[in-house]
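What follows is protein35.cif (mmCIF, C-alpha atoms).
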```
data_target
#
loop_
_atom_site.label_atom_id
_atom_site.label_comp_id
_atom_site.auth_asym_id
_atom_site.auth_seq_id
_atom_site.Cartn_x
_atom_site.Cartn_y
_atom_site.Cartn_z
CA MET K 261 143.86 99.60 90.11
CA ILE K 262 142.53 98.07 86.92
CA SER K 263 139.74 100.04 85.38
CA PRO K 264 136.82 98.07 84.05
CA GLY K 265 136.37 97.98 80.30
CA PRO K 266 133.38 99.48 78.60
CA ALA K 267 130.05 98.12 79.76
CA ALA K 268 128.58 95.44 77.57
CA PRO K 269 125.63 96.66 75.54
CA PRO K 270 122.29 95.72 77.05
CA LEU K 271 120.70 92.58 75.71
CA ARG K 272 117.39 92.70 73.94
CA ARG K 273 115.32 90.95 76.56
CA ARG K 274 111.62 91.51 76.85
CA GLY K 275 108.63 90.27 78.75
CA GLU K 276 109.02 87.45 81.24
CA ARG K 277 112.60 86.72 80.17
CA MET K 278 113.61 90.28 81.02
CA ARG K 279 111.65 90.18 84.29
CA GLN K 280 113.34 86.97 85.44
CA ALA K 281 116.82 88.27 84.53
CA VAL K 282 116.24 91.51 86.43
CA LEU K 283 114.78 89.79 89.50
CA ALA K 284 117.66 87.28 89.63
CA ALA K 285 120.20 90.10 89.32
CA THR K 286 118.46 92.03 92.10
CA VAL K 287 118.56 89.08 94.49
CA GLU K 288 122.21 88.39 93.64
CA LEU K 289 123.20 92.01 94.29
CA LEU K 290 121.26 92.07 97.56
CA SER K 291 123.07 88.93 98.65
CA SER K 292 126.54 90.11 97.68
CA GLN K 293 126.36 93.88 98.28
CA GLY K 294 123.35 94.46 100.51
CA LEU K 295 120.49 96.88 100.09
CA ALA K 296 122.74 99.83 99.23
CA GLY K 297 124.42 97.97 96.37
CA ALA K 298 121.18 97.02 94.64
CA THR K 299 120.74 100.22 92.67
CA VAL K 300 118.65 100.24 89.53
CA GLY K 301 121.75 100.96 87.46
CA ALA K 302 123.68 98.06 88.99
CA VAL K 303 120.75 95.70 88.55
CA ALA K 304 120.27 96.73 84.92
CA ARG K 305 123.97 96.17 84.18
CA ALA K 306 123.99 92.79 85.91
CA ALA K 307 120.83 91.70 84.08
CA GLY K 308 122.01 93.03 80.72
CA VAL K 309 119.03 95.33 80.19
CA HIS K 310 118.49 99.05 79.81
CA GLU K 311 117.99 100.99 83.03
CA THR K 312 114.96 102.69 81.50
CA SER K 313 113.37 99.25 80.97
CA VAL K 314 113.69 98.59 84.69
CA TYR K 315 112.11 101.92 85.60
CA ARG K 316 109.36 101.42 83.03
CA ARG K 317 108.38 98.05 84.52
CA TRP K 318 108.84 98.69 88.27
CA GLY K 319 108.69 102.47 88.63
CA THR K 320 110.98 102.65 91.67
CA ARG K 321 113.95 100.84 93.11
CA GLU K 322 111.88 99.89 96.15
CA ASN K 323 109.19 98.24 94.03
CA LEU K 324 111.86 96.33 92.13
CA ILE K 325 113.49 95.06 95.32
CA LEU K 326 110.16 94.13 96.85
CA ASP K 327 109.12 92.18 93.73
CA ALA K 328 112.48 90.40 93.58
CA LEU K 329 112.43 89.40 97.22
CA THR K 330 108.81 88.33 97.36
CA THR K 331 109.15 86.30 94.16
CA GLN K 332 112.34 84.64 95.39
CA LEU K 333 111.35 84.12 98.99
CA ASP K 334 107.68 83.16 98.89
CA SER K 335 108.64 79.50 98.73
CA ALA K 336 110.83 79.91 101.83
CA LEU K 337 107.83 80.04 104.18
CA PRO K 338 105.63 77.01 103.55
CA VAL K 339 102.84 76.32 106.05
CA PRO K 340 103.40 72.72 107.20
CA ASP K 341 100.74 70.22 108.24
CA THR K 342 102.45 67.52 110.32
CA GLY K 343 99.40 66.64 112.42
CA ARG K 344 100.83 68.28 115.57
CA VAL K 345 100.65 72.00 116.24
CA ARG K 346 104.06 72.15 117.94
CA ASP K 347 105.79 70.43 115.03
CA ASP K 348 104.01 72.72 112.54
CA LEU K 349 105.04 75.83 114.45
CA LEU K 350 108.62 74.66 114.89
CA ALA K 351 108.96 73.98 111.16
CA PHE K 352 107.35 77.28 110.15
CA PHE K 353 109.28 79.47 112.58
CA SER K 354 112.56 77.67 111.88
CA SER K 355 112.02 78.58 108.22
CA LEU K 356 111.22 82.17 109.20
CA ALA K 357 114.32 82.42 111.40
CA GLY K 358 116.43 81.01 108.57
CA LEU K 359 114.93 83.50 106.14
CA LEU K 360 115.53 86.45 108.47
CA GLY K 361 119.16 85.36 108.78
CA THR K 362 119.77 85.84 105.04
CA ALA K 363 120.67 89.09 103.32
CA GLN K 364 117.50 88.85 101.24
CA GLY K 365 115.26 88.24 104.25
CA HIS K 366 116.84 91.07 106.18
CA ALA K 367 116.45 93.42 103.22
CA LEU K 368 112.79 92.47 102.89
CA LEU K 369 112.26 93.05 106.59
CA ARG K 370 113.92 96.48 106.40
CA ILE K 371 111.80 97.47 103.41
CA GLY K 372 108.70 96.38 105.29
CA VAL K 373 109.37 98.76 108.18
CA GLU K 374 111.12 101.71 106.55
CA HIS K 375 108.90 104.65 105.67
CA ASP K 376 109.08 105.46 101.99
CA ASP K 377 106.25 107.22 100.15
CA THR K 378 107.48 105.86 96.81
CA LEU K 379 106.89 102.24 97.82
CA ASP K 380 103.51 100.95 96.78
CA ASP K 381 100.96 99.25 99.03
CA ARG K 382 102.51 95.77 98.79
CA ARG K 383 105.33 96.25 101.30
CA GLY K 384 103.29 96.13 104.50
CA PRO K 385 101.13 93.21 103.47
CA TYR K 386 104.12 91.01 102.58
CA TRP K 387 104.76 90.01 106.18
CA SER K 388 101.18 90.29 107.39
CA ASP K 389 99.96 88.07 104.52
CA ARG K 390 102.52 85.38 105.36
CA LEU K 391 101.72 85.49 109.08
CA ASP K 392 97.99 85.45 108.33
CA ARG K 393 98.51 82.24 106.36
CA ALA K 394 100.26 80.76 109.41
CA VAL K 395 97.21 81.05 111.68
CA VAL K 396 95.78 77.93 110.03
CA MET K 397 98.33 75.89 112.00
CA VAL K 398 96.91 77.21 115.27
CA ARG K 399 93.31 76.72 114.12
CA ARG K 400 94.08 73.08 113.32
CA GLY K 401 95.59 72.70 116.80
CA VAL K 402 92.38 74.07 118.33
CA GLU K 403 90.26 71.72 116.19
CA ARG K 404 92.36 68.72 117.30
CA GLY K 405 92.00 69.72 120.96
CA GLU K 406 95.71 70.46 121.40
CA LEU K 407 94.97 74.11 122.20
CA ALA K 408 92.23 75.79 124.19
CA ALA K 409 89.11 76.68 122.22
CA ASP K 410 89.52 80.39 123.00
CA THR K 411 93.10 80.55 121.68
CA ASP K 412 93.65 83.65 119.54
CA PRO K 413 95.54 82.27 116.49
CA GLY K 414 96.87 85.65 115.35
CA LEU K 415 98.13 86.53 118.82
CA LEU K 416 99.93 83.20 119.17
CA ILE K 417 101.65 83.67 115.79
CA GLU K 418 102.63 87.24 116.75
CA ALA K 419 103.95 86.03 120.12
CA VAL K 420 106.51 83.88 118.34
CA SER K 421 107.25 86.02 115.29
CA GLY K 422 107.60 89.32 117.18
CA PRO K 423 110.80 88.40 119.03
CA LEU K 424 112.28 86.98 115.82
CA PHE K 425 111.61 90.24 113.98
CA ALA K 426 112.93 92.28 116.91
CA ARG K 427 116.18 90.32 117.00
CA ALA K 428 116.64 90.60 113.24
CA LEU K 429 115.96 94.35 113.23
CA LEU K 430 117.30 95.58 116.55
CA SER K 431 119.86 93.41 118.25
CA GLY K 432 121.25 91.14 115.56
CA ALA K 433 121.31 88.34 118.15
CA PRO K 434 121.29 84.77 116.80
CA LEU K 435 118.05 83.32 115.48
CA GLY K 436 118.85 79.66 116.09
CA ASP K 437 116.80 76.55 116.73
CA ALA K 438 117.02 76.90 120.51
CA LEU K 439 115.41 80.34 120.34
CA VAL K 440 112.64 79.08 118.05
CA ARG K 441 111.92 76.10 120.34
CA GLY K 442 111.84 78.35 123.40
CA LEU K 443 109.47 80.86 121.79
CA VAL K 444 107.13 78.17 120.42
CA ASP K 445 107.00 76.33 123.75
CA LEU K 446 106.42 79.55 125.68
CA ALA K 447 103.54 80.55 123.40
CA LEU K 448 102.02 77.06 123.44
CA ASP K 449 102.22 76.79 127.24
CA GLY K 450 99.80 79.69 127.45
CA ALA K 451 97.43 78.21 124.87
CA ARG K 452 97.31 74.52 125.74
CA ALA K 453 93.94 72.93 126.39
CA ARG K 454 93.57 72.34 130.12
CA PRO K 455 91.75 69.37 131.64
CA VAL K 456 88.32 70.33 132.95
#
```
This structure in structure tokens:
Amino acid sequence: MISPGPAAPPLRRRGERMRQAVLAATVELLSSQGLAGATVGAVARAAGVHETSVYRRWGTRENLILDALTTQLDSALPVPDTGRVRDDLLAFFSSLAGLLGTAQGHALLRIGVEHDDTLDDRRGPYWSDRLDRAVVMVRRGVERGELAADTDPGLLIEAVSGPLFARALLSGAPLGDALVRGLVDLALDGARARPV
């Protein structure tokens, strides 16, 4: 076995440049080695910064991982506006299923549900904030008359997202397009506007 040479000295990165290097290294380690491999020491080495700089900025490993994932993945869940509620929901939940199928998405999901007193208040709201943004798609469907006026937007979003989260966390079963279509259609069948 070849032993690695001495570690390269940390670079003198500061401010936003240091933050971006550390976040990119965190996401890369999560992708290649999973949650267990993304230690503060490993991230600092990969980013070329001092470990103490990482702790000074983020405080805990969990806060670092949460910041890296939310920064990287926020763009992965856009809220579409196609003019049809079904198409909006299919696009949104296909993106969510794709995200949950990645190492980063799975790590973010695990962090969101694992109990850890060292993790600050942002972990729970990550998913709830993104799902709260999604209710606008249902509200637009109600306004256009595609859905019944008494449709509960949050409940409809939860009805589709819940099984996706359960599969990602519990069974590891596939999160493909057929599943997303089935869940969206099932939820919409219960919320469609009925002729009077």
Next on the checklist: Can you pull out the residues contacting Val402 in chain K? Cut-off 10 Å, using only C-alpha atoms, and skip same-chain residues under 5 positions away; I want them as an MDAnalysis selection string.
Outcome noted: chainID K and resid 345 396:397 407:413 451:453
Checklist outcome for this item: From the list K:Val287, K:Leu295, K:Val282, K:Leu443, the nearest residue to Arg317 in chain K using all atoms listed in the file is K:Val282
Checklist entry - Exactly which residues make up the result of the PyMOL selection byres ((chain K and resi 337) around 9) on this file, given as JSON, numbers by chain? => result {"K": [333, 334, 335, 336, 338, 339, 352, 353, 355, 356, 359, 390]}
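Of the residues under consideration (K:Ala367, K:Ala426, K:Val444, K:Val395), K:Ala367 shows the shortest atom-to-atom contact distance to Leu326 in chain K when counting all atoms listed in the file.
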Next on the checklist: Starting from the PyMOL selection byres ((chain K and resi 279) around 10), expand the selection into actual residues of this file and give them as a VMD selection string.
Outcome noted: chain K and resid 273 to 278 280 to 285 307 309 313 to 314 317 to 318 324 327 to 328
Starting from 3 Å padding per side, set up an axis-aligned box that covers all listed atoms of range 425-439 of chain K and hand over centre and edge lengths in Å, one decimal, as AutoDock Vina command-line options.
```
--center_x 116.5 --center_y 86.1 --center_z 116.9 --size_x 15.7 --size_y 25.0 --size_z 13.3
```
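The coordinates place CA of Ala296 in chain K at 25.7 Å from CA of Gly422 in chain K.
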Checklist entry - CA of Arg344 in chain K and CA of Ala394 in chain K are how many Å apart? => result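 Going from CA of Arg344 in chain K over to CA of Ala394 in chain K, I get 13.9 Å.
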Next on the checklist: Counting only C-alpha atoms, which residue out of K:Leu429, K:Leu415, K:Leu349, K:Ile325 sits closest to Val300 in chain K?
Outcome noted: K:Ile325
Checklist entry - Out of K:Pro423, K:Asp348, K:Ala302, K:Thr330, which residue has the shortest atom-to-atom distance to Arg400 in chain K when counting only C-alpha atoms? => result K:Asp348
Checklist entry - Leaving out Leu430 in chain K and any residue of its chain fewer than 5 positions from it, which residues lie within 12 Å of it when counting all atoms listed in the file, given as a list in words? => result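 Answer for this query is His366, Leu369, Arg370, Val373, Gly422, Pro423, Leu424 and Phe425 of chain K.
Going from CA of Leu446 in chain K to CA of Gly343 in chain K covers 19.8 Å.
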Which residues, named as in the file, does the PyMOL selection byres ((chain K and resi 434) around 12) pick out? Answer as a CSV table (one decimal) with C-alpha atoms, keeping the file's coordinate frame.
```csv
chain,number,residue,atom,x,y,z
K,357,ALA,CA,114.3,82.4,111.4
K,358,GLY,CA,116.4,81.0,108.6
K,360,LEU,CA,115.5,86.4,108.5
K,361,GLY,CA,119.2,85.4,108.8
K,362,THR,CA,119.8,85.8,105.0
K,423,PRO,CA,110.8,88.4,119.0
K,424,LEU,CA,112.3,87.0,115.8
K,425,PHE,CA,111.6,90.2,114.0
K,426,ALA,CA,112.9,92.3,116.9
K,427,ARG,CA,116.2,90.3,117.0
K,428,ALA,CA,116.6,90.6,113.2
K,429,LEU,CA,116.0,94.4,113.2
K,430,LEU,CA,117.3,95.6,116.6
K,431,SER,CA,119.9,93.4,118.2
K,432,GLY,CA,121.2,91.1,115.6
K,433,ALA,CA,121.3,88.3,118.2
K,435,LEU,CA,118.0,83.3,115.5
K,436,GLY,CA,118.8,79.7,116.1
K,437,ASP,CA,116.8,76.6,116.7
K,438,ALA,CA,117.0,76.9,120.5
K,439,LEU,CA,115.4,80.3,120.3
K,440,VAL,CA,112.6,79.1,118.0
```
